[in-house]
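J.: The following file, model-v2.cif, comprises mmCIF, C-alpha atoms:
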```
data_model
#
loop_
_atom_site.label_atom_id
_atom_site.label_comp_id
_atom_site.auth_asym_id
_atom_site.auth_seq_id
_atom_site.Cartn_x
_atom_site.Cartn_y
_atom_site.Cartn_z
CA MET X 165 22.11 -9.41 5.78
CA GLN X 166 20.62 -8.62 2.36
CA LEU X 167 17.28 -7.94 4.07
CA GLN X 168 19.02 -5.44 6.35
CA VAL X 169 20.30 -3.58 3.30
CA LEU X 170 16.72 -3.33 2.01
CA PHE X 171 15.53 -2.04 5.39
CA ASP X 172 18.32 0.54 5.44
CA LYS X 173 17.36 1.85 2.01
CA VAL X 174 13.68 2.09 3.01
CA GLY X 175 14.82 3.99 6.12
CA ILE X 176 16.72 6.47 3.97
CA ILE X 177 13.62 7.12 1.82
CA ASP X 178 11.48 7.58 4.95
CA PHE X 179 14.01 10.02 6.41
CA GLN X 180 13.94 12.09 3.22
CA TYR X 181 10.18 12.56 3.54
CA LYS X 182 10.10 13.03 7.31
CA LYS X 183 10.45 16.81 7.16
CA THR X 184 7.55 17.02 4.72
CA LYS X 185 5.41 14.95 7.08
CA GLN X 186 6.33 17.13 10.06
CA LYS X 187 5.32 20.29 8.19
CA GLY X 188 1.80 18.90 7.81
CA LYS X 189 1.59 17.57 11.35
CA PHE X 190 -0.74 20.30 12.65
CA ASN X 191 -4.27 18.94 12.79
CA ILE X 192 -7.12 20.70 14.55
CA PHE X 193 -8.95 17.40 15.11
CA ASN X 194 -6.01 15.91 17.01
CA LEU X 195 -5.76 19.06 19.12
CA LEU X 196 -9.42 19.33 20.09
CA SER X 197 -10.56 15.71 20.13
CA ARG X 198 -9.45 12.17 20.77
CA LYS X 199 -8.83 10.70 17.34
CA PHE X 200 -10.72 7.47 18.12
CA ASP X 201 -13.75 9.22 19.64
CA GLU X 202 -16.45 7.74 17.42
CA VAL X 203 -19.35 9.63 19.06
CA ASN X 204 -18.12 13.17 19.68
CA LEU X 205 -15.73 13.41 16.75
CA HIS X 206 -16.37 11.01 13.86
CA SER X 207 -20.14 10.49 14.01
CA LYS X 208 -20.65 14.17 14.79
CA PHE X 209 -18.46 15.40 11.93
CA ILE X 210 -19.81 12.91 9.38
CA TYR X 211 -23.35 13.83 10.42
CA GLU X 212 -22.62 17.52 9.89
CA LEU X 213 -21.36 16.84 6.38
CA LEU X 214 -24.27 14.58 5.45
CA SER X 215 -26.96 16.88 6.80
CA PRO X 216 -28.59 19.03 4.09
CA ASP X 217 -28.92 21.72 6.78
CA GLY X 218 -25.24 21.46 7.82
CA SER X 219 -23.17 24.58 8.35
CA HIS X 220 -21.13 23.69 5.26
CA GLY X 221 -23.84 25.33 3.16
CA CYS X 222 -23.61 22.74 0.37
CA GLY X 223 -27.09 21.28 0.78
CA THR X 224 -27.29 17.62 -0.20
CA ALA X 225 -24.01 17.65 -2.18
CA PHE X 226 -21.97 15.66 0.36
CA LEU X 227 -24.83 13.27 1.00
CA GLU X 228 -25.14 12.63 -2.73
CA LYS X 229 -21.39 11.91 -2.92
CA LEU X 230 -21.72 9.22 -0.25
CA LEU X 231 -24.79 7.67 -1.87
CA SER X 232 -22.85 7.48 -5.12
CA ILE X 233 -19.89 5.72 -3.47
CA LEU X 234 -22.28 3.29 -1.78
CA GLN X 235 -23.84 2.74 -5.23
CA ILE X 236 -27.30 3.72 -4.03
CA ASN X 237 -28.81 5.26 -7.15
CA ASP X 238 -32.49 5.22 -6.29
CA PHE X 239 -32.58 7.10 -3.00
CA ASP X 240 -35.22 9.84 -3.04
CA LEU X 241 -33.75 13.07 -1.68
CA THR X 242 -37.20 14.65 -1.41
CA GLU X 243 -37.82 15.43 2.27
CA VAL X 244 -34.62 13.60 3.22
CA GLU X 245 -33.62 13.69 6.90
CA VAL X 246 -30.26 12.90 8.50
CA HIS X 247 -30.15 12.04 12.21
CA ARG X 248 -27.43 11.32 14.74
CA GLU X 249 -28.15 9.07 17.74
CA TYR X 250 -31.68 8.37 16.48
CA ARG X 251 -33.04 5.84 19.00
CA LYS X 252 -29.37 4.85 19.58
CA ILE X 253 -28.66 4.51 15.83
CA ASP X 254 -25.34 6.26 15.20
CA LEU X 255 -26.32 7.76 11.84
CA LEU X 256 -29.65 7.48 10.06
CA ILE X 257 -30.51 8.79 6.59
CA LYS X 258 -34.17 8.50 5.72
CA ASN X 259 -37.01 9.79 3.60
CA LYS X 260 -40.66 8.74 3.70
CA LYS X 261 -39.98 5.21 2.39
CA GLN X 262 -36.24 4.50 2.53
CA ALA X 263 -33.84 4.25 5.47
CA ILE X 264 -30.05 3.91 5.62
CA VAL X 265 -28.38 2.98 8.92
CA ILE X 266 -24.66 3.60 9.48
CA GLU X 267 -23.34 1.86 12.59
CA ASN X 268 -20.03 3.51 13.50
CA LYS X 269 -17.57 1.17 15.26
CA LEU X 270 -14.14 2.58 16.05
CA TRP X 271 -14.22 1.97 19.78
CA ALA X 272 -17.42 0.64 21.31
CA ILE X 273 -18.08 -3.10 21.46
CA ASP X 274 -20.96 -4.68 19.57
CA GLN X 275 -24.05 -4.99 21.72
CA PRO X 276 -26.21 -8.16 21.62
CA GLY X 277 -28.90 -7.89 18.94
CA GLN X 278 -27.89 -4.31 18.16
CA LEU X 279 -28.22 -4.36 14.36
CA GLU X 280 -31.30 -6.57 14.50
CA ARG X 281 -32.90 -4.11 16.94
CA TYR X 282 -32.29 -1.18 14.58
CA TYR X 283 -33.82 -3.08 11.68
CA ASN X 284 -36.91 -4.02 13.71
CA LEU X 285 -37.30 -0.44 14.90
CA LEU X 286 -37.38 0.92 11.36
CA PHE X 287 -39.54 -1.96 10.11
CA HIS X 288 -42.15 -1.19 12.76
CA GLU X 289 -42.03 2.46 11.71
CA GLY X 290 -43.20 1.31 8.30
CA TYR X 291 -39.92 1.14 6.37
CA ARG X 292 -39.43 -1.77 3.96
CA ASP X 293 -36.46 -0.43 2.00
CA ILE X 294 -33.76 -0.58 4.70
CA LYS X 295 -30.00 -0.76 4.28
CA ILE X 296 -27.50 -1.21 7.13
CA TYR X 297 -23.83 -0.27 6.78
CA TYR X 298 -21.33 -1.39 9.40
CA LEU X 299 -18.52 1.18 9.46
CA SER X 300 -15.13 0.26 10.96
CA ILE X 301 -11.55 1.31 10.39
CA ASP X 302 -10.70 -1.57 8.07
CA GLY X 303 -14.05 -3.12 7.08
CA LYS X 304 -14.16 -5.81 9.75
CA ASP X 305 -17.22 -8.00 10.37
CA PRO X 306 -19.54 -7.27 13.31
CA GLU X 307 -19.85 -9.85 16.06
CA PRO X 308 -22.53 -12.47 15.24
CA HIS X 309 -24.45 -11.63 18.41
CA SER X 310 -24.89 -8.08 17.10
CA ILE X 311 -26.54 -9.32 13.89
CA GLY X 312 -28.95 -11.63 15.71
CA ASN X 313 -31.31 -13.33 13.25
CA LEU X 314 -30.99 -10.73 10.50
CA HIS X 315 -28.82 -13.03 8.41
CA LEU X 316 -31.84 -15.34 8.03
CA LEU X 317 -33.71 -12.75 5.96
CA GLU X 318 -33.91 -13.51 2.23
CA ASN X 319 -32.63 -10.04 1.34
CA TRP X 320 -29.71 -10.18 3.81
CA ASP X 321 -27.05 -9.67 1.10
CA ASP X 322 -28.82 -6.54 -0.16
CA LEU X 323 -29.68 -5.35 3.33
CA PHE X 324 -26.25 -5.44 4.97
CA SER X 325 -22.81 -4.17 3.87
CA LEU X 326 -19.38 -3.57 5.37
CA ILE X 327 -17.70 -0.20 4.82
CA SER X 328 -14.48 1.26 6.17
CA TYR X 329 -12.78 4.51 7.04
CA GLU X 330 -9.73 3.19 5.21
CA LEU X 331 -11.50 2.98 1.84
CA THR X 332 -15.10 4.23 1.86
CA ILE X 333 -14.77 7.32 4.04
CA GLU X 334 -11.43 8.38 2.56
CA GLN X 335 -12.83 8.05 -0.96
CA TRP X 336 -15.91 10.02 0.09
CA LEU X 337 -13.77 12.75 1.66
CA GLU X 338 -11.72 13.00 -1.51
CA SER X 339 -14.87 13.72 -3.50
CA CYS X 340 -16.09 16.19 -0.83
CA ILE X 341 -12.78 18.08 -1.02
CA LYS X 342 -13.23 18.49 -4.76
CA GLU X 343 -16.81 19.69 -4.18
CA ALA X 344 -15.54 22.28 -1.66
CA TYR X 345 -12.78 23.56 -3.95
CA GLU X 346 -14.10 27.14 -3.94
CA ARG X 347 -14.69 27.16 -0.16
CA PRO X 348 -11.15 27.38 1.32
CA ALA X 349 -12.05 27.05 5.04
CA LEU X 350 -14.31 24.06 4.43
CA ARG X 351 -11.83 22.50 2.01
CA GLU X 352 -8.92 22.73 4.46
CA THR X 353 -11.07 21.30 7.27
CA LEU X 354 -11.96 18.33 5.08
CA ILE X 355 -8.29 17.84 4.18
CA GLN X 356 -7.32 17.76 7.86
CA TYR X 357 -10.06 15.27 8.64
CA ARG X 358 -8.91 13.08 5.76
CA LEU X 359 -5.36 13.20 7.18
CA LEU X 360 -6.76 12.06 10.53
CA ILE X 361 -8.55 9.15 8.81
CA GLN X 362 -5.30 8.20 7.08
CA GLU X 363 -3.54 8.29 10.45
CA ILE X 364 -5.98 6.04 12.29
CA SER X 365 -6.07 3.60 9.37
CA GLY X 366 -2.26 3.48 9.16
CA LYS X 367 -1.98 5.20 5.76
CA THR X 368 0.54 7.97 6.45
CA MET X 369 2.72 7.58 3.35
CA ASN X 370 2.31 10.10 0.55
CA LYS X 371 2.27 9.06 -3.11
CA GLU X 372 5.81 10.25 -3.85
CA GLU X 373 7.30 8.18 -1.02
CA MET X 374 5.15 5.22 -2.01
CA HIS X 375 6.44 5.37 -5.58
CA GLU X 376 10.06 5.48 -4.41
CA ILE X 377 9.61 2.45 -2.18
CA VAL X 378 7.83 0.53 -4.95
CA ALA X 379 10.72 1.39 -7.28
CA LEU X 380 13.21 0.14 -4.69
CA ILE X 381 11.33 -3.13 -4.20
CA ALA X 382 11.19 -3.59 -7.98
CA LYS X 383 15.00 -3.77 -8.20
CA GLU X 384 16.78 -7.13 -8.41
CA ASP X 385 15.13 -9.66 -6.02
CA ASN X 386 14.00 -7.10 -3.43
CA VAL X 387 10.36 -8.04 -4.03
CA ILE X 388 11.08 -11.58 -2.81
CA LYS X 389 12.61 -10.18 0.39
CA ALA X 390 9.66 -7.85 0.86
CA LYS X 391 7.27 -10.77 0.34
CA LYS X 392 9.01 -12.66 3.15
CA VAL X 393 8.44 -9.72 5.50
CA ALA X 394 4.80 -9.38 4.43
CA GLU X 395 4.19 -13.09 4.98
CA ASN X 396 5.41 -12.78 8.57
CA TRP X 397 3.78 -9.46 9.44
CA ASN X 398 1.00 -11.01 11.51
CA HIS X 399 3.64 -12.92 13.46
CA VAL X 400 5.42 -9.62 14.08
CA ARG X 401 2.13 -8.19 15.41
CA TRP X 402 1.55 -11.24 17.60
CA PHE X 403 4.99 -11.29 19.22
CA THR X 404 5.09 -7.51 19.69
CA GLU X 405 1.94 -7.69 21.78
CA TRP X 406 2.88 -10.94 23.56
CA TYR X 407 6.27 -9.64 24.70
CA PHE X 408 4.61 -6.47 25.99
CA TRP X 409 2.10 -8.34 28.16
CA LYS X 410 4.72 -10.81 29.42
CA ASP X 411 7.18 -8.10 30.44
CA LEU X 412 4.46 -5.94 31.97
CA GLU X 413 3.21 -8.96 33.93
CA LYS X 414 6.69 -9.51 35.41
CA VAL X 415 6.75 -5.95 36.74
CA ILE X 416 3.19 -6.09 38.13
CA GLN X 417 3.40 -9.50 39.82
CA SER X 418 6.28 -8.31 42.00
CA GLU X 419 3.73 -6.09 43.81
CA PHE X 420 0.24 -7.44 43.04
CA ASP X 421 -1.50 -10.76 42.44
CA ILE X 422 -2.73 -10.92 38.85
CA LEU X 423 -6.26 -12.26 38.34
CA ASP X 424 -7.29 -14.81 35.73
CA LEU X 425 -10.39 -12.86 34.67
CA GLN X 426 -9.96 -11.46 31.13
CA LYS X 427 -6.24 -12.14 31.27
CA TYR X 428 -4.30 -12.19 28.01
CA SER X 429 -3.44 -15.62 26.65
CA VAL X 430 -2.11 -17.36 23.56
CA ASP X 431 -5.66 -18.12 22.45
CA LYS X 432 -6.83 -14.52 22.93
CA LEU X 433 -3.89 -13.14 20.94
CA ASP X 434 -4.45 -15.71 18.21
CA ARG X 435 -8.05 -14.59 17.87
CA ALA X 436 -7.14 -10.90 17.95
CA VAL X 437 -4.37 -11.14 15.36
CA HIS X 438 -5.21 -14.08 13.11
CA TYR X 439 -9.04 -14.31 13.13
CA ASN X 440 -11.38 -12.23 10.99
CA ARG X 441 -14.44 -13.12 13.06
CA ASN X 442 -15.28 -14.04 16.65
CA LYS X 443 -12.54 -11.83 18.03
CA ASP X 444 -12.43 -11.00 21.73
CA LEU X 445 -10.22 -7.95 22.04
CA TRP X 446 -11.14 -7.03 25.61
CA TYR X 447 -8.36 -8.67 27.57
CA GLY X 448 -5.19 -7.67 29.37
CA ILE X 449 -4.00 -7.72 32.98
CA MET X 450 -6.19 -7.16 36.05
CA PHE X 451 -5.25 -7.07 39.74
CA LYS X 452 -7.04 -6.24 42.96
CA ILE X 453 -6.10 -3.00 44.71
CA GLY X 454 -8.73 -2.85 47.48
CA GLU X 455 -12.42 -3.17 48.33
CA PHE X 456 -15.48 -0.97 48.09
CA ASP X 457 -18.89 -1.77 49.56
CA GLY X 458 -18.45 -5.52 49.28
CA ASP X 459 -16.91 -5.44 45.79
CA ASP X 460 -13.28 -5.93 44.81
CA ALA X 461 -11.75 -2.74 43.44
CA CYS X 462 -9.41 -3.69 40.59
CA LEU X 463 -7.01 -2.02 38.21
CA PHE X 464 -7.43 -3.35 34.69
CA ILE X 465 -5.03 -2.69 31.80
CA GLU X 466 -7.06 -3.56 28.68
CA ARG X 467 -6.24 -3.96 25.00
CA GLY X 468 -9.59 -3.20 23.35
CA ASP X 469 -9.82 -2.23 19.68
CA GLY X 470 -8.22 1.19 20.06
CA ASN X 471 -5.51 2.71 22.22
CA VAL X 472 -4.55 0.52 25.21
CA TYR X 473 -5.95 1.95 28.46
CA TYR X 474 -6.18 1.24 32.18
CA GLY X 475 -8.73 2.10 34.81
CA LEU X 476 -10.70 1.28 37.92
CA THR X 477 -13.29 -1.51 37.66
CA MET X 478 -15.29 -3.51 40.19
CA LEU X 479 -15.65 -7.26 40.66
CA ARG X 480 -18.28 -9.27 42.47
CA THR X 481 -18.08 -13.08 42.47
CA ASP X 482 -15.56 -13.13 39.63
CA SER X 483 -17.55 -10.97 37.22
CA ARG X 484 -17.28 -7.28 36.50
CA ASN X 485 -20.10 -5.46 38.27
CA PHE X 486 -21.42 -2.63 36.14
CA ASN X 487 -25.15 -2.64 36.81
CA SER X 488 -25.08 -0.55 39.97
CA GLU X 489 -24.25 2.84 38.47
CA GLN X 490 -25.85 4.73 41.35
CA LYS X 491 -23.77 2.76 43.81
CA TYR X 492 -20.55 4.01 42.21
CA SER X 493 -21.68 7.48 41.12
CA ALA X 494 -20.09 9.42 44.00
CA LEU X 495 -16.84 7.43 43.68
CA ALA X 496 -16.80 8.05 39.92
CA LEU X 497 -16.93 11.81 40.53
CA ASN X 498 -13.78 11.57 42.68
CA VAL X 499 -11.99 9.33 40.18
CA LYS X 500 -12.94 11.72 37.37
CA GLU X 501 -10.51 14.27 38.81
CA PHE X 502 -7.51 12.17 37.70
CA SER X 503 -9.05 10.35 34.71
CA GLU X 504 -8.85 11.08 30.99
CA TRP X 505 -12.23 9.47 30.38
CA GLU X 506 -15.32 9.25 32.54
CA SER X 507 -17.18 6.29 33.99
CA ALA X 508 -18.95 3.93 31.59
CA ASP X 509 -20.12 0.34 31.50
CA HIS X 510 -17.58 -1.75 33.42
CA TRP X 511 -15.52 1.29 34.37
CA ILE X 512 -15.37 3.89 37.15
CA GLY X 513 -12.77 5.91 35.25
CA GLY X 514 -9.36 5.58 33.67
CA ASN X 515 -6.52 6.77 31.43
CA TYR X 516 -4.77 5.79 28.23
CA CYS X 517 -1.29 4.31 28.32
CA SER X 518 1.23 7.04 27.61
CA PRO X 519 2.67 7.34 25.03
CA LYS X 520 -0.39 5.80 23.39
CA ILE X 521 -0.12 2.33 21.88
CA ASN X 522 -2.61 0.53 19.65
CA PHE X 523 -2.14 -3.17 18.96
CA ASN X 524 -5.28 -3.29 16.81
CA SER X 525 -4.20 -0.81 14.14
CA PHE X 526 -0.51 -1.67 14.68
CA SER X 527 0.66 1.28 12.64
CA ASP X 528 2.10 4.02 14.86
CA ASP X 529 5.81 4.23 15.63
CA VAL X 530 5.47 3.74 19.39
CA THR X 531 3.51 0.49 19.04
CA LEU X 532 5.79 -0.90 16.34
CA LYS X 533 8.96 -0.17 18.31
CA LEU X 534 7.68 -2.23 21.25
CA LEU X 535 9.10 -5.27 19.45
CA ASN X 536 12.57 -3.96 20.33
CA ASP X 537 13.61 -5.30 23.77
CA ASP X 538 15.29 -2.12 25.03
CA TYR X 539 12.50 0.17 23.82
CA ARG X 540 9.83 -2.09 25.34
CA GLN X 541 11.56 -2.21 28.73
CA ASN X 542 11.99 1.56 28.79
CA TYR X 543 8.33 2.02 27.84
CA ILE X 544 7.13 -0.27 30.64
CA ASN X 545 9.48 1.41 33.12
CA GLN X 546 7.82 4.74 32.28
CA LEU X 547 4.28 3.37 32.19
CA TRP X 548 4.28 1.47 35.47
CA PRO X 549 4.81 4.54 37.72
CA LEU X 550 1.86 6.23 35.98
CA ILE X 551 -0.33 3.21 36.67
CA LYS X 552 0.82 3.06 40.30
CA GLU X 553 -0.01 6.74 40.68
CA PHE X 554 -3.50 6.02 39.35
CA VAL X 555 -3.80 3.12 41.80
CA ALA X 556 -2.78 5.35 44.71
CA ASN X 557 -5.24 8.06 43.67
CA SER X 558 -7.99 5.45 43.26
CA MET X 559 -7.39 4.05 46.74
CA GLU X 560 -7.48 7.54 48.19
CA ALA X 561 -10.79 8.18 46.39
CA ILE X 562 -12.19 4.85 47.66
CA ASN X 563 -11.12 5.53 51.24
CA LYS X 564 -12.58 9.03 51.07
CA GLU X 565 -15.91 7.67 49.85
CA VAL X 566 -15.96 4.88 52.46
CA GLU X 567 -15.25 7.43 55.20
CA ARG X 568 -17.97 9.74 53.89
CA THR X 569 -20.48 6.88 53.87
CA ILE X 570 -19.59 5.84 57.42
CA ASN X 571 -19.91 9.39 58.74
CA TYR X 572 -23.21 10.01 56.94
CA GLU X 573 -26.18 9.70 59.31
CA PRO X 574 -29.61 10.17 57.75
CA LYS X 575 -31.86 12.50 59.65
CA ASN X 576 -34.99 10.95 61.14
CA GLY X 577 -38.25 12.69 60.33
#
```
Could you write out this structure as structure tokens?
T.:
Amino acid sequence: MQLQVLFDKVGIIDFQYKKTKQKGKFNIFNLLSRKFDEVNLHSKFIYELLSPDGSHGCGTAFLEKLLSILQINDFDLTEVEVHREYRKIDLLIKNKKQAIVIENKLWAIDQPGQLERYYNLLFHEGYRDIKIYYLSIDGKDPEPHSIGNLHLLENWDDLFSLISYELTIEQWLESCIKEAYERPALRETLIQYRLLIQEISGKTMNKEEMHEIVALIAKEDNVIKAKKVAENWNHVRWFTEWYFWKDLEKVIQSEFDILDLQKYSVDKLDRAVHYNRNKDLWYGIMFKIGEFDGDDACLFIERGDGNVYYGLTMLRTDSRNFNSEQKYSALALNVKEFSEWESADHWIGGNYCSPKINFNSFSDDVTLKLLNDDYRQNYINQLWPLIKEFVANSMEAINKEVERTINYEPKNG
């Protein structure tokens, strides 16, 4: 009961600051882009700031700020070049002798040998002073298969570093905002981008609210109660996600047979929530909805490392078939008409769960409230019709493509 009193007082403080938060809710990046779009939003914007030729008109000032935060003091800015998507490297900063790789990972999975391949590419181009920075929301480790044999190099500790949006990028943006003080349009754009970074990293509390909550926790034995909550936070995350999958499974299995492939499990949730390395976040619930050209057409609701999403995928002999892009290209065009995102590896097309939930960041109100039984049931009751509509549209697209293929008769020369 005493813990409830503490919660109630925190709720009162949050309510007092809610109007202030709502006033600053407008954000051009949220309006024009998907906030977790690492390629078309984050890499593109960071590249523009780092580029000496960027439209900001500040030359190398922002680049120098980042180098300072990364504690790189000997980088020669003479003939410096900044590239985006350079031979599949997200961001590359280089001069004639030095190269800095920034691998941006908000959404995409680590590819086998990816970081090792980038190093070898630059090494063969003649670079010997190479640094690789792995950028994620919270500074997580890359998958071992992405590193390959790089960790065997003697200079591995100097070569490779972890950086995060939560700390590194926000600190960099803070220094960029100060640099742009006399450029109002640029300054306000940087402020809005920093707010977006705070949002995706779960840091939405301003300093005044933070100080009030710290003052509250400092009273009497409130800090002991708060410690008890903090100690169990990962368990809260685990059960919030587990209850969601279990309740969603109950609804789905009344109409479809759920497949074992990439299905959520105790072990998968343990790795996702409790492990720092060797995580496998790409699981959920998959079920067959039909067939297409010898493959099983399936609907897959997947967790991933961003917002939870669902879409059309194909199976052949119990593995997801994604190597025949040409085979699915016409179908993908039809599915695109009712998809939020286009076809990619493993996927023909798909949508995000609505309202969006993110078990990986576990910071937004919608995701957190899924722990409440009534809220979770209402959420699933709203989500399931949207998924069924996607299934119906997918089957219509499949049937249309099958019919088109049957009716197509190649002309003989």
J.: Could you list the residues chosen by the PyMOL selection byres ((chain X and resi 503) around 6) in this structure as a short mmCIF file (atom, residue, chain, number, x, y, z; two decimals) with C-alpha atoms, keeping the file's coordinate frame?
T.:
```cif
data_model
loop_
_atom_site.label_atom_id
_atom_site.label_comp_id
_atom_site.auth_asym_id
_atom_site.auth_seq_id
_atom_site.Cartn_x
_atom_site.Cartn_y
_atom_site.Cartn_z
CA LYS X 500 -12.94 11.72 37.37
CA GLU X 501 -10.51 14.27 38.81
CA PHE X 502 -7.51 12.17 37.70
CA GLU X 504 -8.85 11.08 30.99
CA TRP X 505 -12.23 9.47 30.38
CA GLY X 513 -12.77 5.91 35.25
CA GLY X 514 -9.36 5.58 33.67
CA ASN X 515 -6.52 6.77 31.43
#
```
J.: With all atoms listed in the file as the atoms that count, which of X:Leu350, X:Cys222, X:Ile388, X:Ile210 lies nearest to X:Leu255?
T.: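 Answer, going by the shortest atom-to-atom distance: X:Ile210.
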J.: Suppose a student applies the PyMOL selection byres ((chain X and resi 339) around 12) to this structure; what residues should they get, written as a list in words?
T.: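 Residues picked by the PyMOL selection byres ((chain X and resi 339) around 12): Ala225, Phe226, Leu227, Glu228, Lys229, Leu230, Leu231, Ser232, Ile233, Thr332, Ile333, Glu334, Gln335, Trp336, Leu337, Glu338, Cys340, Ile341, Lys342, Glu343, Ala344, Tyr345, Arg351, Leu354, Ile355 and Arg358 of chain X.
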J.: Can you write just those residues out, C-alpha atoms, as a JSON list (two decimals), in the coordinates of the input?
T.:
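Written file, part02.json:
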```
[["chain", "number", "residue", "atom", "x", "y", "z"],
["X", 225, "ALA", "CA", -24.01, 17.65, -2.18],
["X", 226, "PHE", "CA", -21.97, 15.66, 0.36],
["X", 227, "LEU", "CA", -24.83, 13.27, 1.00],
["X", 228, "GLU", "CA", -25.14, 12.63, -2.73],
["X", 229, "LYS", "CA", -21.39, 11.91, -2.92],
["X", 230, "LEU", "CA", -21.72, 9.22, -0.25],
["X", 231, "LEU", "CA", -24.79, 7.67, -1.87],
["X", 232, "SER", "CA", -22.85, 7.48, -5.12],
["X", 233, "ILE", "CA", -19.89, 5.72, -3.47],
["X", 332, "THR", "CA", -15.10, 4.23, 1.86],
["X", 333, "ILE", "CA", -14.77, 7.32, 4.04],
["X", 334, "GLU", "CA", -11.43, 8.38, 2.56],
["X", 335, "GLN", "CA", -12.83, 8.05, -0.96],
["X", 336, "TRP", "CA", -15.91, 10.02, 0.09],
["X", 337, "LEU", "CA", -13.77, 12.75, 1.66],
["X", 338, "GLU", "CA", -11.72, 13.00, -1.51],
["X", 340, "CYS", "CA", -16.09, 16.19, -0.83],
["X", 341, "ILE", "CA", -12.78, 18.08, -1.02],
["X", 342, "LYS", "CA", -13.23, 18.49, -4.76],
["X", 343, "GLU", "CA", -16.81, 19.69, -4.18],
["X", 344, "ALA", "CA", -15.54, 22.28, -1.66],
["X", 345, "TYR", "CA", -12.78, 23.56, -3.95],
["X", 351, "ARG", "CA", -11.83, 22.50, 2.01],
["X", 354, "LEU", "CA", -11.96, 18.33, 5.08],
["X", 355, "ILE", "CA", -8.29, 17.84, 4.18],
["X", 358, "ARG", "CA", -8.91, 13.08, 5.76]]
```
J.: Taking the file above as input, evaluate the PyMOL selection byres ((chain X and resi 447) around 9) and report the hits as a PyMOL selection string.
T.: chain X and resi 425-429+432+444-446+448-450+464-468
J.: Have a look at X:Leu234, X:Ile294, X:Val387, X:Leu285 and name the one nearest to X:Tyr250; count only C-alpha atoms.
T.: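 Distance minimum relative to X:Tyr250 lands on X:Leu285.
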J.: Could you work out an axis-aligned box for stretch 480-485 of chain X, taking every atom the file lists and adding 5 Å on each side, and report centre and edge lengths in Å to one decimal, as AutoDock Vina command-line options?
T.:
```
--center_x -17.8 --center_y -9.3 --center_z 39.5 --size_x 14.5 --size_y 17.7 --size_z 16.0
```
J.: One number please: atom CA of X:Asp411 to atom CA of X:His510, in Å, one decimal.
T.: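 Between atom CA of X:Asp411 and atom CA of X:His510 the gap works out to 25.7 Å.
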J.: Can you measure atom CA of X:Asp274 to atom CA of X:Asn319 for me? One decimal in Å is fine.
T.: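 The value is 22.3 Å.
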J.: Record the distance separating atom CA of X:Ser483 and atom CA of X:Ser518, expressed in Å with one decimal.
T.: 27.7 Å
J.: Rank nothing, just name the residue among X:Glu267, X:Glu212, X:Asp528, X:Glu413 nearest to X:Asp254, using only C-alpha atoms.
T.: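 Closest candidate: X:Glu267.
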J.: Identify, on the basis of all atoms listed in the file, every residue whose closest approach to stretch 276-282 of chain X does not exceed 6 Å; exclude the query and any residue fewer than 3 positions from it along the same chain; express the result as a PDB file with C-alpha atoms, keeping the file's coordinate frame.
T.:
```pdb
ATOM      1  CA  LEU X 285     -37.300  -0.440  14.900  1.00  0.00           C
ATOM      2  CA  HIS X 309     -24.450 -11.630  18.410  1.00  0.00           C
ATOM      3  CA  SER X 310     -24.890  -8.080  17.100  1.00  0.00           C
ATOM      4  CA  ILE X 311     -26.540  -9.320  13.890  1.00  0.00           C
ATOM      5  CA  GLY X 312     -28.950 -11.630  15.710  1.00  0.00           C
ATOM      6  CA  LEU X 314     -30.990 -10.730  10.500  1.00  0.00           C
TER       7      LEU X 314
END
```
J.: Rank X:Pro348, X:Gly223, X:Pro216, X:Gly470 by their smallest atom-to-atom distance to X:Ser300, using only C-alpha atoms, and report the top residue only.
T.: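 For X:Ser300, the nearest of the given residues is X:Gly470.
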J.: Could you pull the residues within 10 Å of X:Lys208, counting only C-alpha atoms, minus those fewer than 3 positions along the same chain, as a count of residues only?
T.: 12
J.: Tell me which of X:Leu270, X:Leu532, X:Leu412, X:Val437 sits closest to X:Gln546, counting all atoms listed in the file.
T.: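 Using all atoms listed in the file, the shortest distance to X:Gln546 belongs to X:Leu412.
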J.: Which neighbours of X:Ile512 fall inside 6 Å, counting all atoms listed in the file, when residues of the same chain fewer than 6 positions from it are skipped, and could you give them as JSON, numbers by chain?
T.: {"X": [476, 477, 496]}
